[in-house]
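Have a look at start38.pdb; it's PDB, C-alpha atoms:
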ATOM      1  CA  MET A  20      67.664 122.009 293.288
ATOM      2  CA  PRO A  21      70.277 124.743 293.572
ATOM      3  CA  ASP A  22      71.222 126.730 290.463
ATOM      4  CA  ARG A  23      73.979 125.284 288.320
ATOM      5  CA  PRO A  24      76.986 127.517 289.028
ATOM      6  CA  GLU A  25      79.854 128.760 286.904
ATOM      7  CA  ILE A  26      82.741 126.478 285.910
ATOM      8  CA  VAL A  27      85.667 126.362 288.331
ATOM      9  CA  PRO A  28      89.066 125.065 287.132
ATOM     10  CA  GLU A  29      89.698 121.508 288.288
ATOM     11  CA  ASP A  30      93.194 122.282 289.608
ATOM     12  CA  VAL A  31      91.705 124.888 291.943
ATOM     13  CA  LEU A  32      89.224 122.342 293.197
ATOM     14  CA  GLU A  33      91.878 119.739 293.854
ATOM     15  CA  THR A  34      94.297 121.992 295.672
ATOM     16  CA  VAL A  35      91.778 123.352 298.156
ATOM     17  CA  PRO A  36      89.531 120.460 299.187
ATOM     18  CA  GLU A  37      87.848 122.470 301.935
ATOM     19  CA  THR A  38      86.762 124.863 299.202
ATOM     20  CA  VAL A  39      85.353 121.916 297.281
ATOM     21  CA  LEU A  40      83.217 120.984 300.262
ATOM     22  CA  ALA A  41      82.080 124.565 300.767
ATOM     23  CA  ARG A  42      81.251 124.952 297.099
ATOM     24  CA  PHE A  43      79.460 121.618 297.072
ATOM     25  CA  ARG A  44      77.314 122.911 299.909
ATOM     26  CA  GLN A  45      76.357 125.844 297.695
ATOM     27  CA  GLY A  46      75.319 123.462 294.925
ATOM     28  CA  ASP A  47      78.406 123.830 292.721
ATOM     29  CA  LEU A  48      78.246 121.115 290.060
ATOM     30  CA  ASN A  49      82.023 121.068 289.529
ATOM     31  CA  ALA A  50      82.637 120.565 293.218
ATOM     32  CA  PHE A  51      80.019 117.823 293.188
ATOM     33  CA  GLU A  52      81.772 116.118 290.288
ATOM     34  CA  ALA A  53      85.135 116.397 292.059
ATOM     35  CA  LEU A  54      83.640 114.740 295.130
ATOM     36  CA  PHE A  55      81.931 112.136 292.978
ATOM     37  CA  ARG A  56      85.198 111.251 291.235
ATOM     38  CA  GLU A  57      86.995 110.994 294.543
ATOM     39  CA  HIS A  58      84.393 108.954 296.393
ATOM     40  CA  GLN A  59      82.400 106.965 293.832
ATOM     41  CA  ARG A  60      84.622 103.918 294.183
ATOM     42  CA  SER A  61      84.430 103.766 297.955
ATOM     43  CA  VAL A  62      80.682 104.420 297.963
ATOM     44  CA  TYR A  63      80.163 101.747 295.304
ATOM     45  CA  GLY A  64      82.300  99.262 297.269
ATOM     46  CA  TRP A  65      80.421 100.001 300.475
ATOM     47  CA  ILE A  66      77.040  99.477 298.800
ATOM     48  CA  LEU A  67      78.219  96.342 297.001
ATOM     49  CA  ARG A  68      79.267  94.823 300.327
ATOM     50  CA  ILE A  69      75.715  95.326 301.578
ATOM     51  CA  VAL A  70      73.614  94.385 298.547
ATOM     52  CA  ARG A  71      76.061  91.897 296.914
ATOM     53  CA  ASP A  72      74.692  92.679 293.470
ATOM     54  CA  THR A  73      76.855  94.685 291.057
ATOM     55  CA  GLY A  74      73.968  96.081 288.987
ATOM     56  CA  ALA A  75      72.039  97.180 292.053
ATOM     57  CA  ALA A  76      75.212  98.613 293.580
ATOM     58  CA  GLU A  77      75.782 100.793 290.508
ATOM     59  CA  ASP A  78      72.192 102.043 290.511
ATOM     60  CA  LEU A  79      72.305 102.725 294.229
ATOM     61  CA  THR A  80      75.621 104.567 293.887
ATOM     62  CA  VAL A  81      74.046 106.893 291.320
ATOM     63  CA  GLU A  82      70.994 107.349 293.538
ATOM     64  CA  SER A  83      73.183 107.998 296.592
ATOM     65  CA  PHE A  84      75.066 110.806 294.891
ATOM     66  CA  LEU A  85      71.812 112.294 293.652
ATOM     67  CA  ARG A  86      70.532 112.294 297.224
ATOM     68  CA  MET A  87      73.746 113.950 298.362
ATOM     69  CA  HIS A  88      73.366 116.599 295.694
ATOM     70  CA  ARG A  89      69.774 117.255 296.729
ATOM     71  CA  ALA A  90      70.805 117.470 300.371
ATOM     72  CA  CYS A  91      73.969 119.527 299.761
ATOM     73  CA  ALA A  92      72.619 122.502 301.707
ATOM     74  CA  ARG A  93      72.413 120.324 304.823
ATOM     75  CA  PHE A  94      76.032 119.160 304.524
ATOM     76  CA  ASP A  95      78.447 120.624 307.061
ATOM     77  CA  PRO A  96      81.703 121.448 305.197
ATOM     78  CA  ALA A  97      83.590 121.376 308.504
ATOM     79  CA  ARG A  98      82.987 117.605 308.649
ATOM     80  CA  PRO A  99      84.490 114.934 306.378
ATOM     81  CA  PHE A 100      82.521 113.943 303.310
ATOM     82  CA  GLU A 101      83.121 110.190 303.414
ATOM     83  CA  PRO A 102      81.128 109.283 306.564
ATOM     84  CA  TRP A 103      78.215 111.400 305.356
ATOM     85  CA  ALA A 104      78.330 109.712 301.956
ATOM     86  CA  ARG A 105      78.424 106.294 303.605
ATOM     87  CA  ARG A 106      75.418 107.121 305.755
ATOM     88  CA  VAL A 107      73.382 108.205 302.735
ATOM     89  CA  ALA A 108      74.485 105.097 300.820
ATOM     90  CA  THR A 109      73.749 102.775 303.742
ATOM     91  CA  HIS A 110      70.218 104.085 304.133
ATOM     92  CA  LEU A 111      69.550 103.601 300.441
ATOM     93  CA  ALA A 112      70.988 100.092 300.545
ATOM     94  CA  LEU A 113      68.837  99.333 303.568
ATOM     95  CA  ASP A 114      65.752 100.564 301.713
ATOM     96  CA  TRP A 115      66.755  98.323 298.805
ATOM     97  CA  LEU A 116      67.016  95.311 301.118
ATOM     98  CA  ARG A 117      63.662  96.156 302.691
ATOM     99  CA  ALA A 118      62.004  96.461 299.297
ATOM    100  CA  ARG A 119      62.944  92.897 298.433
ATOM    101  CA  PRO A 120      61.322  90.772 301.143
ATOM    102  CA  HIS A 121      60.265  88.271 298.485
ATOM    103  CA  GLU A 122      63.939  87.503 297.972
ATOM    104  CA  THR A 123      64.426  86.104 301.438
ATOM    105  CA  GLU A 124      64.707  82.775 299.675
ATOM    106  CA  LEU A 125      68.072  82.448 298.016
ATOM    107  CA  ASP A 126      68.444  83.226 294.356
ATOM    108  CA  SER A 127      68.977  79.963 292.459
ATOM    109  CA  ASP A 128      72.194  81.373 290.915
ATOM    110  CA  VAL A 129      73.619  82.065 294.350
ATOM    111  CA  ALA A 130      72.579  78.628 295.564
ATOM    112  CA  ASP A 131      74.211  76.994 292.534
ATOM    113  CA  ALA A 132      77.382  79.038 293.007
ATOM    114  CA  LEU A 133      77.589  78.048 296.649
ATOM    115  CA  SER A 134      77.143  74.398 295.790
ATOM    116  CA  ALA A 135      79.768  74.548 293.039
ATOM    117  CA  SER A 136      82.513  76.529 294.785
ATOM    118  CA  PRO A 137      84.553  74.728 297.423
ATOM    119  CA  ALA A 138      84.701  76.091 300.962
ATOM    120  CA  THR A 139      88.063  77.193 302.327
ATOM    121  CA  ASP A 140      87.203  75.209 305.435
ATOM    122  CA  PRO A 141      86.625  71.584 304.342
ATOM    123  CA  GLY A 142      84.569  70.963 307.503
ATOM    124  CA  ILE A 143      81.872  73.274 306.188
ATOM    125  CA  THR A 144      79.873  71.437 303.551
ATOM    126  CA  ALA A 145      77.947  73.012 300.686
ATOM    127  CA  GLU A 146      74.720  72.131 302.491
ATOM    128  CA  ILE A 147      75.802  74.010 305.630
ATOM    129  CA  ARG A 148      76.823  77.017 303.550
ATOM    130  CA  LEU A 149      73.507  76.989 301.737
ATOM    131  CA  LYS A 150      71.522  76.761 304.963
ATOM    132  CA  THR A 151      73.622  79.505 306.532
ATOM    133  CA  ALA A 152      73.003  81.755 303.532
ATOM    134  CA  GLN A 153      69.279  81.018 303.742
ATOM    135  CA  ALA A 154      69.190  81.732 307.475
ATOM    136  CA  PHE A 155      71.043  84.970 306.858
ATOM    137  CA  ALA A 156      68.555  85.957 304.152
ATOM    138  CA  HIS A 157      65.742  85.463 306.678
ATOM    139  CA  LEU A 158      67.164  88.052 309.089
ATOM    140  CA  PRO A 159      65.434  91.447 309.245
ATOM    141  CA  PRO A 160      67.326  93.852 306.934
ATOM    142  CA  ARG A 161      68.533  96.158 309.744
ATOM    143  CA  LEU A 162      70.112  93.200 311.551
ATOM    144  CA  ARG A 163      71.407  91.712 308.314
ATOM    145  CA  ILE A 164      73.205  94.904 307.362
ATOM    146  CA  ALA A 165      74.817  95.254 310.819
ATOM    147  CA  ALA A 166      75.959  91.625 310.828
ATOM    148  CA  LEU A 167      77.223  91.820 307.273
ATOM    149  CA  LEU A 168      79.323  94.927 307.835
ATOM    150  CA  SER A 169      80.582  93.912 311.242
ATOM    151  CA  LEU A 170      81.101  90.146 310.963
ATOM    152  CA  VAL A 171      81.732  89.491 307.287
ATOM    153  CA  GLU A 172      83.342  92.759 306.211
ATOM    154  CA  GLU A 173      84.978  93.245 309.631
ATOM    155  CA  GLN A 174      84.228  96.936 309.817
ATOM    156  CA  PRO A 175      84.753  98.522 313.241
ATOM    157  CA  HIS A 176      81.571  98.929 315.283
ATOM    158  CA  LYS A 177      81.975 102.706 315.267
ATOM    159  CA  ASP A 178      82.015 102.768 311.446
ATOM    160  CA  VAL A 179      78.956 100.514 311.276
ATOM    161  CA  ALA A 180      77.194 102.713 313.817
ATOM    162  CA  ALA A 181      78.101 105.879 311.914
ATOM    163  CA  ALA A 182      76.900 104.422 308.624
ATOM    164  CA  LEU A 183      73.605 103.348 310.142
ATOM    165  CA  GLY A 184      73.178 106.571 312.105
ATOM    166  CA  ILE A 185      72.927 104.754 315.432
ATOM    167  CA  SER A 186      75.048 104.540 318.579
ATOM    168  CA  VAL A 187      77.927 102.079 318.895
ATOM    169  CA  THR A 188      75.982 100.254 321.607
ATOM    170  CA  ALA A 189      72.976  99.921 319.304
ATOM    171  CA  ALA A 190      75.215  98.607 316.516
ATOM    172  CA  LYS A 191      76.724  95.985 318.843
ATOM    173  CA  LEU A 192      73.242  95.028 319.984
ATOM    174  CA  ARG A 193      72.092  94.518 316.402
ATOM    175  CA  VAL A 194      75.072  92.279 315.678
ATOM    176  CA  PHE A 195      74.416  90.330 318.872
ATOM    177  CA  ARG A 196      70.745  89.866 317.992
ATOM    178  CA  ALA A 197      71.660  88.825 314.455
ATOM    179  CA  VAL A 198      74.064  86.182 315.781
ATOM    180  CA  ARG A 199      71.437  84.854 318.197
ATOM    181  CA  LEU A 200      68.758  84.647 315.505
ATOM    182  CA  LEU A 201      71.166  82.971 313.089
ATOM    183  CA  ARG A 202      72.195  80.410 315.689
ATOM    184  CA  LYS A 203      68.558  79.602 316.486
ATOM    185  CA  ASP A 204      67.653  79.320 312.820
ATOM    186  CA  LEU A 205      70.629  77.051 312.116
ATOM    187  CA  GLU A 206      69.884  74.875 315.138
ATOM    188  CA  ARG A 207      66.311  74.525 313.899
ATOM    189  CA  GLN A 208      67.773  73.212 310.652
ATOM    190  CA  GLY A 209      69.919  70.702 312.533
ATOM    191  CA  ILE A 210      73.203  72.643 312.342
ATOM    192  CA  THR A 211      75.065  73.438 315.533
ATOM    193  CA  PRO A 212      77.383  76.383 314.876
TER     194      PRO A 212
ATOM    195  CA  MET B   5      83.663  79.470 330.388
ATOM    196  CA  THR B   6      82.325  82.952 331.111
ATOM    197  CA  GLU B   7      79.251  84.315 329.419
ATOM    198  CA  HIS B   8      81.386  86.879 327.568
ATOM    199  CA  ALA B   9      83.752  84.176 326.283
ATOM    200  CA  GLU B  10      80.774  82.072 325.138
ATOM    201  CA  LYS B  11      79.355  85.058 323.329
ATOM    202  CA  GLN B  12      82.693  85.699 321.617
ATOM    203  CA  LEU B  13      83.008  82.058 320.572
ATOM    204  CA  GLU B  14      79.476  82.006 319.207
ATOM    205  CA  GLU B  15      80.154  85.192 317.250
ATOM    206  CA  THR B  16      83.411  83.775 315.868
ATOM    207  CA  ARG B  17      81.697  80.578 314.679
ATOM    208  CA  ILE B  18      78.839  82.454 313.057
ATOM    209  CA  ARG B  19      81.350  84.820 311.435
ATOM    210  CA  GLU B  20      83.224  81.887 309.907
ATOM    211  CA  LEU B  21      80.002  80.305 308.653
ATOM    212  CA  LEU B  22      78.856  83.568 307.116
ATOM    213  CA  LYS B  23      82.186  84.173 305.408
ATOM    214  CA  GLN B  24      81.962  80.720 303.864
ATOM    215  CA  ALA B  25      78.313  81.094 302.911
ATOM    216  CA  LEU B  26      78.144  84.553 301.378
ATOM    217  CA  PRO B  27      79.461  85.319 297.913
ATOM    218  CA  PRO B  28      82.802  87.120 298.323
ATOM    219  CA  VAL B  29      83.308  90.720 297.274
ATOM    220  CA  ALA B  30      86.620  91.850 295.768
ATOM    221  CA  SER B  31      88.876  93.780 298.130
ATOM    222  CA  ASP B  32      88.614  97.072 296.246
ATOM    223  CA  PRO B  33      85.726  96.745 293.804
ATOM    224  CA  GLU B  34      85.008  99.394 291.239
ATOM    225  CA  PRO B  35      81.977  99.894 289.018
ATOM    226  CA  ALA B  36      82.146  98.369 285.558
ATOM    227  CA  ARG B  37      81.355 101.740 283.968
ATOM    228  CA  ASP B  38      81.767 105.421 284.691
ATOM    229  CA  LEU B  39      78.675 106.377 286.671
ATOM    230  CA  TRP B  40      79.024 110.149 286.269
ATOM    231  CA  PRO B  41      77.075 110.287 282.954
ATOM    232  CA  ALA B  42      74.201 108.469 284.675
ATOM    233  CA  VAL B  43      74.270 110.992 287.517
ATOM    234  CA  LEU B  44      74.213 113.866 285.018
ATOM    235  CA  ARG B  45      71.317 112.306 283.107
ATOM    236  CA  ARG B  46      69.327 111.972 286.327
ATOM    237  CA  LEU B  47      70.172 115.537 287.344
ATOM    238  CA  ASP B  48      69.022 116.875 283.985
ATOM    239  CA  ALA B  49      65.822 114.851 284.185
ATOM    240  CA  GLU B  50      64.935 116.304 287.570
ATOM    241  CA  PRO B  51      62.761 119.399 287.534
ATOM    242  CA  VAL B  52      64.302 122.424 289.227
ATOM    243  CA  ARG B  53      62.739 122.441 292.652
ATOM    244  CA  ALA B  54      61.974 125.550 294.570
ATOM    245  CA  LEU B  55      62.747 125.648 298.248
ATOM    246  CA  PRO B  56      60.094 123.791 300.212
ATOM    247  CA  HIS B  57      57.380 126.238 301.201
ATOM    248  CA  ARG B  58      55.126 123.741 302.930
ATOM    249  CA  LEU B  59      55.498 122.975 306.577
ATOM    250  CA  PRO B  60      55.334 119.300 307.456
ATOM    251  CA  TRP B  61      52.205 118.128 309.264
ATOM    252  CA  PHE B  62      53.952 117.654 312.591
ATOM    253  CA  ASP B  63      55.028 121.300 312.606
ATOM    254  CA  TRP B  64      51.408 122.313 312.108
ATOM    255  CA  ALA B  65      50.386 119.922 314.888
ATOM    256  CA  LEU B  66      52.991 121.448 317.197
ATOM    257  CA  ILE B  67      51.815 124.993 316.412
ATOM    258  CA  ALA B  68      48.177 123.978 316.934
ATOM    259  CA  GLY B  69      49.067 122.341 320.246
ATOM    260  CA  LEU B  70      50.872 125.461 321.426
ATOM    261  CA  ILE B  71      47.918 127.673 320.484
ATOM    262  CA  VAL B  72      45.475 125.378 322.297
ATOM    263  CA  PHE B  73      47.765 125.320 325.318
ATOM    264  CA  ALA B  74      48.088 129.113 325.311
ATOM    265  CA  VAL B  75      44.316 129.534 325.089
ATOM    266  CA  ALA B  76      43.675 126.983 327.834
ATOM    267  CA  PHE B  77      46.389 128.299 330.159
ATOM    268  CA  PRO B  78      46.989 131.980 329.310
ATOM    269  CA  ALA B  79      48.831 132.516 332.590
ATOM    270  CA  THR B  80      51.706 130.386 331.297
ATOM    271  CA  ILE B  81      52.428 132.719 328.373
ATOM    272  CA  PRO B  82      54.627 135.151 330.368
ATOM    273  CA  VAL B  83      56.492 132.175 331.834
ATOM    274  CA  PHE B  84      57.200 130.843 328.342
ATOM    275  CA  LEU B  85      58.253 134.265 327.124
ATOM    276  CA  TYR B  86      60.583 134.625 330.091
ATOM    277  CA  TYR B  87      62.370 131.406 329.203
ATOM    278  CA  LEU B  88      62.660 132.141 325.509
TER     279      LEU B  88
END
Structure rendered as structure tokens:
Amino acid sequence: MPDRPEIVPEDVLETVPETVLARFRQGDLNAFEALFREHQRSVYGWILRIVRDTGAAEDLTVESFLRMHRACARFDPARPFEPWARRVATHLALDWLRARPHETELDSDVADALSASPATDPGITAEIRLKTAQAFAHLPPRLRIAALLSLVEEQPHKDVAAALGISVTAAKLRVFRAVRLLRKDLERQGITP
Amino acid sequence: MTEHAEKQLEETRIRELLKQALPPVASDPEPARDLWPAVLRRLDAEPVRALPHRLPWFDWALIAGLIVFAVAFPATIPVFLYYL
């Protein structure tokens, strides 16, 4: 870990953001805090959209920024911070999804919530929503994350690709495969999408 | 209907189903607490690490392969040096 540097006044950090990035690259803790304050909300929101669990999203946000701090020497200050932060956060969220294969069956709380809350489309019954959620939980994590960000959160393919560190074509392919697998799974359960 | 249109329709239907089935996330969510103290705690708990001095195994494998290649085909060494 780089040495903890001297204190730099906050107003200096805020007025010259490119200096913040350069100082962050050198391991400056104040610059790191400035970046944390500026980006924690967006990183947290991005992770929450993937893991859908507030506690896990908070833990993963902390872990993401720690990873960024450890990897600060590899950061290119000429590039924007946000996409880099998202990529680090996405990989951690993906690892979190992969580490929970036993949770491919829906949490009973989620199942209860789905049954209790009405759908905005009255044609979609609670049973269909439950089966869809279960089919989605059965998808491999790398397809699940692509489908979630692209279809549910409606992120552009290029942002999904950048966050996953893959090409736009590969991101589209993952979404396509996720849709196909979901359709097959739902059809097996007697639901025609 | 073309294959592309079918694909689009299928994607739209699945999208709608997923939006109905997955628990919604607020439009601009924020953590319930300030996470900076947790980051600081974790930073303080981490031992100060020196720069990595060990080469990963694949670097060693690459070096070994190059040495074996150079020993087996010494005539290629000047060619390699020329292109360096």
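Atom to atom, CA of Phe55 (chain A) and CA of Ala165 (chain A) stand 25.6 Å apart.
Across the model, the gap from CA of Arg119 (chain A) to CA of Glu206 (chain A) is 25.5 Å.
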Inset, instruction - Provide as an MDAnalysis selection string the residues of chain A at most 6 Å from chain B, counting only C-alpha atoms. - result: chainID A and resid 20 60 64 81 148 152 170:171
Keeping C-alpha atoms for every residue in the selection just given, could you write it to a file as a PDB file, in the coordinates of the input?
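See part_32.pdb below for the written result:
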ATOM      1  CA  MET A  20      67.664 122.009 293.288  1.00  0.00           C
ATOM      2  CA  ARG A  60      84.622 103.918 294.183  1.00  0.00           C
ATOM      3  CA  GLY A  64      82.300  99.262 297.269  1.00  0.00           C
ATOM      4  CA  VAL A  81      74.046 106.893 291.320  1.00  0.00           C
ATOM      5  CA  ARG A 148      76.823  77.017 303.550  1.00  0.00           C
ATOM      6  CA  ALA A 152      73.003  81.755 303.532  1.00  0.00           C
ATOM      7  CA  LEU A 170      81.101  90.146 310.963  1.00  0.00           C
ATOM      8  CA  VAL A 171      81.732  89.491 307.287  1.00  0.00           C
TER       9      VAL A 171
END
Inset, instruction - Select, from A:Ala90, A:Leu67, A:Leu48, A:Leu111, the residue with the minimum atom-to-atom distance to Leu167 (chain A), counting all atoms listed in the file. - result: A:Leu67
Legend entry - Explicit residue set for the PyMOL selection byres ((chain A and resi 109) around 9), as a PyMOL selection string: chain A and resi 65-66+69+83+104-108+110-114+164+182-183
Legend entry - d(CA of His88 (chain A), CA of Pro102 (chain A)) in Å: 15.2 Å
Inset, instruction - Apply the PyMOL selection byres ((chain A and resi 92) around 10) to the file shown and report the selected residues as JSON, numbers by chain. - result: {"A": [20, 21, 41, 43, 44, 45, 46, 87, 88, 89, 90, 91, 93, 94, 95, 96]}
Inset, instruction - Please evaluate the PyMOL selection byres ((chain A and resi 200) around 10) against the structure above and give the resulting residues as a list of chain:residue names. - result: A:Ala154, A:Phe155, A:His157, A:Leu158, A:Pro159, A:Leu162, A:Val194, A:Phe195, A:Arg196, A:Ala197, A:Val198, A:Arg199, A:Leu201, A:Arg202, A:Lys203, A:Asp204, A:Leu205, A:Glu206
Inset, instruction - Please provide the set of residues having any atom within 9 Å of Ala180 (chain A), restricted to all atoms listed in the file, with same-chain residues fewer than 5 positions apart removed, written as an MDAnalysis selection string. - result: chainID A and resid 165 175 185:191
Only C-alpha atoms, please: the residues just picked out, written as a compact mmCIF listing (two decimals), in the coordinates of the input.
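And here's part.txt as it stands now:
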# COMPACT_ATOMS: atom_id res chain seq x y z
CA ALA A 165 74.82 95.25 310.82
CA PRO A 175 84.75 98.52 313.24
CA ILE A 185 72.93 104.75 315.43
CA SER A 186 75.05 104.54 318.58
CA VAL A 187 77.93 102.08 318.90
CA THR A 188 75.98 100.25 321.61
CA ALA A 189 72.98 99.92 319.30
CA ALA A 190 75.22 98.61 316.52
CA LYS A 191 76.72 95.98 318.84
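Taking all atoms listed in the file into account, those protein, DNA and RNA residues with any atom at most 12 Å away from (49.3, 127.7, 323.5) amount to Ala65, Leu66, Ile67, Ala68, Gly69, Leu70, Ile71, Val72, Phe73, Ala74, Val75, Ala76, Phe77, Pro78, Ala79, Thr80, Ile81, Pro82, Val83, Phe84 and Leu85 of chain B.
Once Ala50 (chain A) and its same-chain neighbours fewer than 3 positions away are set aside, Leu32, Val39, Leu40, Arg42, Phe43, Asp47, Ala53 and Leu54 of chain A remain within 8 Å of it when counting all atoms listed in the file.
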